[in-house]
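Trainee: What follows is the file upload_16.cif, containing mmCIF, N, CA and C atoms:
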data_my_file
#
loop_
_atom_site.label_atom_id
_atom_site.label_comp_id
_atom_site.auth_asym_id
_atom_site.auth_seq_id
_atom_site.Cartn_x
_atom_site.Cartn_y
_atom_site.Cartn_z
N MET A 1 -11.62 17.41 -29.44
CA MET A 1 -10.50 17.30 -28.53
C MET A 1 -10.04 15.85 -28.45
N LYS A 2 -8.76 15.64 -28.62
CA LYS A 2 -8.22 14.29 -28.55
C LYS A 2 -8.16 13.82 -27.11
N LYS A 3 -8.62 12.61 -26.87
CA LYS A 3 -8.60 12.07 -25.52
C LYS A 3 -7.20 11.63 -25.16
N SER A 4 -6.83 11.83 -23.91
CA SER A 4 -5.52 11.42 -23.43
C SER A 4 -5.54 9.93 -23.10
N LYS A 5 -4.38 9.33 -23.13
CA LYS A 5 -4.26 7.93 -22.74
C LYS A 5 -4.31 7.86 -21.21
N GLN A 6 -4.97 6.85 -20.71
CA GLN A 6 -4.98 6.67 -19.26
C GLN A 6 -3.62 6.12 -18.83
N ILE A 7 -3.16 6.49 -17.65
CA ILE A 7 -1.85 6.08 -17.17
C ILE A 7 -1.91 5.11 -16.00
N VAL A 8 -3.10 4.67 -15.64
CA VAL A 8 -3.27 3.85 -14.44
C VAL A 8 -3.00 2.37 -14.71
N THR A 9 -3.46 1.84 -15.82
CA THR A 9 -3.29 0.43 -16.14
C THR A 9 -2.60 0.28 -17.49
N ASP A 10 -2.10 -0.91 -17.75
CA ASP A 10 -1.44 -1.17 -19.04
C ASP A 10 -2.44 -1.45 -20.15
N SER A 11 -3.63 -1.88 -19.81
CA SER A 11 -4.64 -2.23 -20.80
C SER A 11 -5.89 -1.38 -20.63
N ASP A 12 -6.47 -0.99 -21.75
CA ASP A 12 -7.75 -0.27 -21.68
C ASP A 12 -8.89 -1.12 -22.22
N ARG A 13 -8.66 -2.42 -22.38
CA ARG A 13 -9.66 -3.32 -22.95
C ARG A 13 -10.56 -3.98 -21.91
N TYR A 14 -10.12 -4.00 -20.65
CA TYR A 14 -10.85 -4.74 -19.62
C TYR A 14 -11.15 -3.84 -18.43
N CYS A 15 -12.33 -4.02 -17.85
CA CYS A 15 -12.74 -3.27 -16.67
C CYS A 15 -11.74 -3.52 -15.55
N ILE A 16 -11.29 -2.45 -14.95
CA ILE A 16 -10.29 -2.55 -13.89
C ILE A 16 -10.84 -3.26 -12.65
N PHE A 17 -12.16 -3.29 -12.51
CA PHE A 17 -12.78 -3.89 -11.32
C PHE A 17 -13.20 -5.33 -11.50
N CYS A 18 -13.87 -5.64 -12.61
CA CYS A 18 -14.41 -7.00 -12.77
C CYS A 18 -13.80 -7.80 -13.91
N GLY A 19 -13.04 -7.15 -14.80
CA GLY A 19 -12.39 -7.86 -15.89
C GLY A 19 -13.22 -8.03 -17.15
N LYS A 20 -14.47 -7.59 -17.15
CA LYS A 20 -15.30 -7.67 -18.37
C LYS A 20 -14.77 -6.68 -19.40
N SER A 21 -15.27 -6.78 -20.61
CA SER A 21 -14.86 -5.84 -21.65
C SER A 21 -15.21 -4.41 -21.26
N THR A 22 -14.31 -3.49 -21.60
CA THR A 22 -14.50 -2.08 -21.28
C THR A 22 -15.62 -1.48 -22.12
N GLU A 23 -16.46 -0.69 -21.48
CA GLU A 23 -17.54 0.03 -22.17
C GLU A 23 -17.43 1.53 -21.96
N ALA A 24 -16.59 1.95 -21.01
CA ALA A 24 -16.50 3.37 -20.68
C ALA A 24 -15.15 3.66 -20.04
N GLU A 25 -14.95 4.93 -19.70
CA GLU A 25 -13.80 5.36 -18.92
C GLU A 25 -14.35 6.03 -17.65
N HIS A 26 -13.68 5.79 -16.56
CA HIS A 26 -14.04 6.48 -15.33
C HIS A 26 -12.90 7.42 -14.97
N HIS A 27 -13.19 8.71 -14.88
CA HIS A 27 -12.20 9.69 -14.46
C HIS A 27 -12.11 9.61 -12.93
N LEU A 28 -10.91 9.37 -12.43
CA LEU A 28 -10.73 9.17 -11.00
C LEU A 28 -11.03 10.42 -10.21
N LEU A 29 -10.90 11.56 -10.82
CA LEU A 29 -11.31 12.84 -10.23
C LEU A 29 -12.35 13.39 -11.18
N PHE A 30 -13.52 13.68 -10.67
CA PHE A 30 -14.61 14.06 -11.57
C PHE A 30 -15.30 15.30 -11.07
N GLY A 31 -16.44 15.59 -11.60
CA GLY A 31 -17.10 16.86 -11.29
C GLY A 31 -16.35 17.98 -11.99
N ASN A 32 -16.06 19.06 -11.27
CA ASN A 32 -15.38 20.19 -11.90
C ASN A 32 -13.89 19.93 -12.14
N LYS A 33 -13.37 18.78 -11.72
CA LYS A 33 -11.96 18.42 -11.95
C LYS A 33 -11.79 17.39 -13.07
N ARG A 34 -12.88 17.03 -13.73
CA ARG A 34 -12.83 15.99 -14.75
C ARG A 34 -11.91 16.34 -15.91
N ALA A 35 -11.95 17.60 -16.37
CA ALA A 35 -11.10 18.02 -17.49
C ALA A 35 -9.62 17.89 -17.14
N LEU A 36 -9.26 18.23 -15.91
CA LEU A 36 -7.87 18.07 -15.49
C LEU A 36 -7.48 16.59 -15.45
N ALA A 37 -8.37 15.75 -14.92
CA ALA A 37 -8.10 14.32 -14.87
C ALA A 37 -7.93 13.76 -16.28
N GLU A 38 -8.71 14.24 -17.23
CA GLU A 38 -8.58 13.82 -18.63
C GLU A 38 -7.19 14.18 -19.15
N LYS A 39 -6.76 15.41 -18.93
CA LYS A 39 -5.44 15.85 -19.39
C LYS A 39 -4.32 15.06 -18.75
N ASP A 40 -4.49 14.71 -17.47
CA ASP A 40 -3.45 13.99 -16.75
C ASP A 40 -3.50 12.48 -16.96
N GLY A 41 -4.54 11.96 -17.62
CA GLY A 41 -4.67 10.53 -17.84
C GLY A 41 -5.14 9.77 -16.61
N LEU A 42 -5.75 10.47 -15.67
CA LEU A 42 -6.21 9.85 -14.42
C LEU A 42 -7.62 9.28 -14.61
N LYS A 43 -7.68 8.19 -15.35
CA LYS A 43 -8.94 7.52 -15.64
C LYS A 43 -8.66 6.04 -15.80
N VAL A 44 -9.70 5.25 -15.65
CA VAL A 44 -9.55 3.80 -15.75
C VAL A 44 -10.60 3.23 -16.69
N PRO A 45 -10.26 2.12 -17.34
CA PRO A 45 -11.25 1.43 -18.17
C PRO A 45 -12.25 0.73 -17.25
N ILE A 46 -13.51 0.77 -17.65
CA ILE A 46 -14.56 0.25 -16.77
C ILE A 46 -15.76 -0.23 -17.58
N CYS A 47 -16.47 -1.21 -17.09
CA CYS A 47 -17.72 -1.63 -17.74
C CYS A 47 -18.84 -0.75 -17.19
N ASN A 48 -19.95 -0.70 -17.90
CA ASN A 48 -21.06 0.14 -17.46
C ASN A 48 -21.63 -0.29 -16.10
N ASN A 49 -21.65 -1.58 -15.85
CA ASN A 49 -22.18 -2.08 -14.58
C ASN A 49 -21.36 -1.55 -13.40
N CYS A 50 -20.06 -1.61 -13.48
CA CYS A 50 -19.20 -1.12 -12.39
C CYS A 50 -19.15 0.41 -12.36
N HIS A 51 -19.45 1.03 -13.49
CA HIS A 51 -19.38 2.49 -13.56
C HIS A 51 -20.63 3.15 -12.99
N ASN A 52 -21.80 2.87 -13.59
CA ASN A 52 -22.98 3.62 -13.14
C ASN A 52 -24.32 2.93 -13.34
N THR A 53 -24.35 1.68 -13.82
CA THR A 53 -25.65 1.04 -14.02
C THR A 53 -25.95 -0.13 -13.09
N GLY A 54 -24.93 -0.64 -12.42
CA GLY A 54 -25.13 -1.77 -11.52
C GLY A 54 -25.72 -1.33 -10.18
N PRO A 55 -25.90 -2.27 -9.28
CA PRO A 55 -26.38 -1.93 -7.94
C PRO A 55 -25.45 -0.90 -7.29
N VAL A 56 -26.00 -0.02 -6.48
CA VAL A 56 -25.22 1.09 -5.91
C VAL A 56 -23.94 0.60 -5.23
N LEU A 57 -24.00 -0.48 -4.50
CA LEU A 57 -22.81 -0.96 -3.80
C LEU A 57 -21.80 -1.62 -4.73
N SER A 58 -22.16 -1.82 -5.99
CA SER A 58 -21.26 -2.46 -6.95
C SER A 58 -20.74 -1.49 -8.00
N ARG A 59 -21.03 -0.21 -7.87
CA ARG A 59 -20.60 0.77 -8.87
C ARG A 59 -19.90 1.94 -8.19
N ILE A 60 -19.24 2.74 -9.00
CA ILE A 60 -18.53 3.91 -8.46
C ILE A 60 -19.48 5.07 -8.23
N HIS A 61 -20.24 5.47 -9.26
CA HIS A 61 -21.09 6.65 -9.12
C HIS A 61 -22.27 6.39 -8.18
N ASP A 62 -22.59 7.39 -7.39
CA ASP A 62 -23.66 7.35 -6.38
C ASP A 62 -23.31 6.48 -5.18
N ASN A 63 -22.05 6.06 -5.08
CA ASN A 63 -21.58 5.26 -3.97
C ASN A 63 -20.49 6.08 -3.27
N PRO A 64 -20.82 6.74 -2.16
CA PRO A 64 -19.86 7.66 -1.53
C PRO A 64 -18.50 7.05 -1.20
N MET A 65 -18.46 5.81 -0.72
CA MET A 65 -17.18 5.19 -0.38
C MET A 65 -16.35 4.95 -1.64
N ALA A 66 -16.98 4.46 -2.69
CA ALA A 66 -16.25 4.22 -3.94
C ALA A 66 -15.77 5.53 -4.56
N GLU A 67 -16.57 6.58 -4.42
CA GLU A 67 -16.16 7.87 -4.99
C GLU A 67 -14.93 8.43 -4.28
N ILE A 68 -14.86 8.35 -2.96
CA ILE A 68 -13.68 8.86 -2.27
C ILE A 68 -12.47 7.97 -2.54
N LEU A 69 -12.67 6.67 -2.63
CA LEU A 69 -11.56 5.78 -2.97
C LEU A 69 -11.05 6.07 -4.39
N SER A 70 -11.95 6.42 -5.29
CA SER A 70 -11.56 6.79 -6.65
C SER A 70 -10.64 8.01 -6.62
N LYS A 71 -11.00 9.01 -5.83
CA LYS A 71 -10.20 10.23 -5.73
C LYS A 71 -8.85 9.95 -5.07
N MET A 72 -8.85 9.07 -4.07
CA MET A 72 -7.59 8.71 -3.42
C MET A 72 -6.65 8.00 -4.40
N LEU A 73 -7.22 7.08 -5.20
CA LEU A 73 -6.42 6.39 -6.20
C LEU A 73 -5.88 7.39 -7.23
N GLY A 74 -6.72 8.32 -7.66
CA GLY A 74 -6.28 9.32 -8.62
C GLY A 74 -5.10 10.11 -8.09
N GLN A 75 -5.16 10.51 -6.83
CA GLN A 75 -4.06 11.27 -6.24
C GLN A 75 -2.81 10.40 -6.10
N ALA A 76 -2.98 9.16 -5.68
CA ALA A 76 -1.82 8.27 -5.53
C ALA A 76 -1.11 8.05 -6.86
N ILE A 77 -1.88 7.87 -7.93
CA ILE A 77 -1.28 7.70 -9.25
C ILE A 77 -0.59 8.99 -9.69
N TYR A 78 -1.23 10.13 -9.45
CA TYR A 78 -0.63 11.42 -9.78
C TYR A 78 0.73 11.55 -9.09
N GLU A 79 0.77 11.26 -7.79
CA GLU A 79 2.01 11.39 -7.04
C GLU A 79 3.07 10.39 -7.49
N ALA A 80 2.66 9.21 -7.92
CA ALA A 80 3.62 8.20 -8.37
C ALA A 80 4.18 8.48 -9.75
N LYS A 81 3.37 9.12 -10.62
CA LYS A 81 3.78 9.24 -12.02
C LYS A 81 3.91 10.66 -12.55
N ILE A 82 3.37 11.65 -11.83
CA ILE A 82 3.34 13.00 -12.41
C ILE A 82 4.04 14.03 -11.54
N GLY A 83 3.64 14.17 -10.30
CA GLY A 83 4.18 15.24 -9.46
C GLY A 83 4.07 14.95 -7.99
N THR A 84 4.33 15.96 -7.19
CA THR A 84 4.32 15.82 -5.74
C THR A 84 2.91 16.04 -5.18
N ARG A 85 2.78 15.81 -3.89
CA ARG A 85 1.49 16.06 -3.22
C ARG A 85 1.14 17.54 -3.28
N GLU A 86 2.13 18.40 -3.11
CA GLU A 86 1.87 19.84 -3.19
C GLU A 86 1.44 20.22 -4.62
N ASP A 87 2.06 19.61 -5.64
CA ASP A 87 1.64 19.85 -7.02
C ASP A 87 0.17 19.45 -7.19
N PHE A 88 -0.20 18.30 -6.62
CA PHE A 88 -1.59 17.83 -6.71
C PHE A 88 -2.53 18.81 -6.04
N ARG A 89 -2.17 19.27 -4.85
CA ARG A 89 -3.02 20.24 -4.13
C ARG A 89 -3.23 21.52 -4.95
N ARG A 90 -2.15 22.00 -5.54
CA ARG A 90 -2.28 23.22 -6.36
C ARG A 90 -3.17 22.97 -7.57
N ARG A 91 -3.02 21.82 -8.20
CA ARG A 91 -3.76 21.53 -9.44
C ARG A 91 -5.23 21.19 -9.16
N TYR A 92 -5.48 20.40 -8.12
CA TYR A 92 -6.83 19.89 -7.86
C TYR A 92 -7.53 20.54 -6.67
N GLY A 93 -6.84 21.42 -5.97
CA GLY A 93 -7.49 22.20 -4.92
C GLY A 93 -7.52 21.59 -3.54
N LYS A 94 -7.15 20.32 -3.40
CA LYS A 94 -7.12 19.66 -2.09
C LYS A 94 -6.40 18.33 -2.19
N SER A 95 -6.13 17.76 -1.05
CA SER A 95 -5.52 16.44 -0.98
C SER A 95 -6.55 15.45 -0.48
N TYR A 96 -6.56 14.26 -1.08
CA TYR A 96 -7.47 13.19 -0.64
C TYR A 96 -6.71 12.14 0.18
N LEU A 97 -5.41 12.31 0.32
CA LEU A 97 -4.59 11.36 1.07
C LEU A 97 -4.13 11.96 2.39
#
Show this structure as structure tokens.

Mentor:
Amino acid sequence: MKKSKQIVTDSDRYCIFCGKSTEAEHHLLFGNKRALAEKDGLKVPICNNCHNTGPVLSRIHDNPMAEILSKMLGQAIYEAKIGTREDFRRRYGKSYL
């Protein structure tokens, strides 16, 4: 399956959080919604430290506040570039905003 281009930033070479070289992609909506986020391009370039290997307070995964902020950002980008809030609710099952 061909990966979709992310639509959040202009560059996929640098971590969106710390600016280091990208080592991964973080899907802003994940779990059972990850495939939809992939199709919609709702992902960001990220280094492994900021994604899932750094201290809990410095990474997205396993950090509840960062995870909800990730979902809020995903919805905000969806609404700015793809569809309405109601479209988002239908596609992703709920609103995070």

Trainee: Name the residues of region 13-52 of chain A that come out as strand (DSSP E or B) in a backbone DSSP run; write them as JSON, numbers by chain.

Mentor: {"A": [14, 21, 24, 25, 26, 27, 43, 44, 45, 46]}

Trainee: With only N, CA and C atoms as the atoms that count, which of A:Ser21, A:Arg90, A:Arg13, A:Leu28 lies nearest to Gly74 (chain A)?

Mentor: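 For Gly74 (chain A), the nearest of the candidates is A:Leu28.
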
Trainee: Just how far from atom C of Asn32 (chain A) is atom C of Phe17 (chain A), in Å to one decimal?

Mentor: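 According to the coordinates, atom C of Phe17 (chain A) and atom C of Asn32 (chain A) are separated by 25.3 Å.
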
Trainee: Which protein, DNA or RNA residues are at most 7 Å from (-13.5, 0.8, -16.8) in the file's coordinates when you count all atoms listed in the file, listed as a list in words?

Mentor: Tyr14, Cys15, Ile16, Phe17, Thr22, Glu23, Ala24, Glu25, His26, Val44, Pro45, Ile46, Cys47, Asn48 and His51 of chain A

Trainee: I want to know what sits within 8 Å of region 61-69 of chain A, based on all atoms listed in the file, with residues of the same chain fewer than 5 positions away left out; could you give that as a short mmCIF file (atom, residue, chain, number, x, y, z; two decimals) with N, CA and C atoms, in the frame of the given file?

Mentor:
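Generated output (result-v9.cif):
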data_model
loop_
_atom_site.label_atom_id
_atom_site.label_comp_id
_atom_site.auth_asym_id
_atom_site.auth_seq_id
_atom_site.Cartn_x
_atom_site.Cartn_y
_atom_site.Cartn_z
N LEU A 28 -10.91 9.37 -12.43
CA LEU A 28 -10.73 9.17 -11.00
C LEU A 28 -11.03 10.42 -10.21
N CYS A 50 -20.06 -1.61 -13.48
CA CYS A 50 -19.20 -1.12 -12.39
C CYS A 50 -19.15 0.41 -12.36
N HIS A 51 -19.45 1.03 -13.49
CA HIS A 51 -19.38 2.49 -13.56
C HIS A 51 -20.63 3.15 -12.99
N ASN A 52 -21.80 2.87 -13.59
CA ASN A 52 -22.98 3.62 -13.14
C ASN A 52 -24.32 2.93 -13.34
N THR A 53 -24.35 1.68 -13.82
CA THR A 53 -25.65 1.04 -14.02
C THR A 53 -25.95 -0.13 -13.09
N PRO A 55 -25.90 -2.27 -9.28
CA PRO A 55 -26.38 -1.93 -7.94
C PRO A 55 -25.45 -0.90 -7.29
N VAL A 56 -26.00 -0.02 -6.48
CA VAL A 56 -25.22 1.09 -5.91
C VAL A 56 -23.94 0.60 -5.23
N GLY A 74 -6.72 8.32 -7.66
CA GLY A 74 -6.28 9.32 -8.62
C GLY A 74 -5.10 10.11 -8.09
N GLN A 75 -5.16 10.51 -6.83
CA GLN A 75 -4.06 11.27 -6.24
C GLN A 75 -2.81 10.40 -6.10
N TYR A 96 -6.56 14.26 -1.08
CA TYR A 96 -7.47 13.19 -0.64
C TYR A 96 -6.71 12.14 0.18
#

Trainee: Would you mind telling me which residue in A:Lys43, A:Lys94, A:Lys33, A:Lys81 lies nearest to Thr9 (chain A) when using all atoms listed in the file?

Mentor: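 Nearest to Thr9 (chain A): A:Lys43.
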
Trainee: Distance cut-off 8 Å, centre (-5.5, 15.2, -12.3) in file coordinates, counting only C-alpha atoms: which residues qualify? Return them as a list in words.

Mentor: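 Output: Leu29, Lys33, Arg34, Leu36, Ala37, Glu38, Lys39, Asp40, Gly41, Leu42, Gly74, Gln75, Tyr78, Phe88, Arg91 and Tyr92 of chain A.
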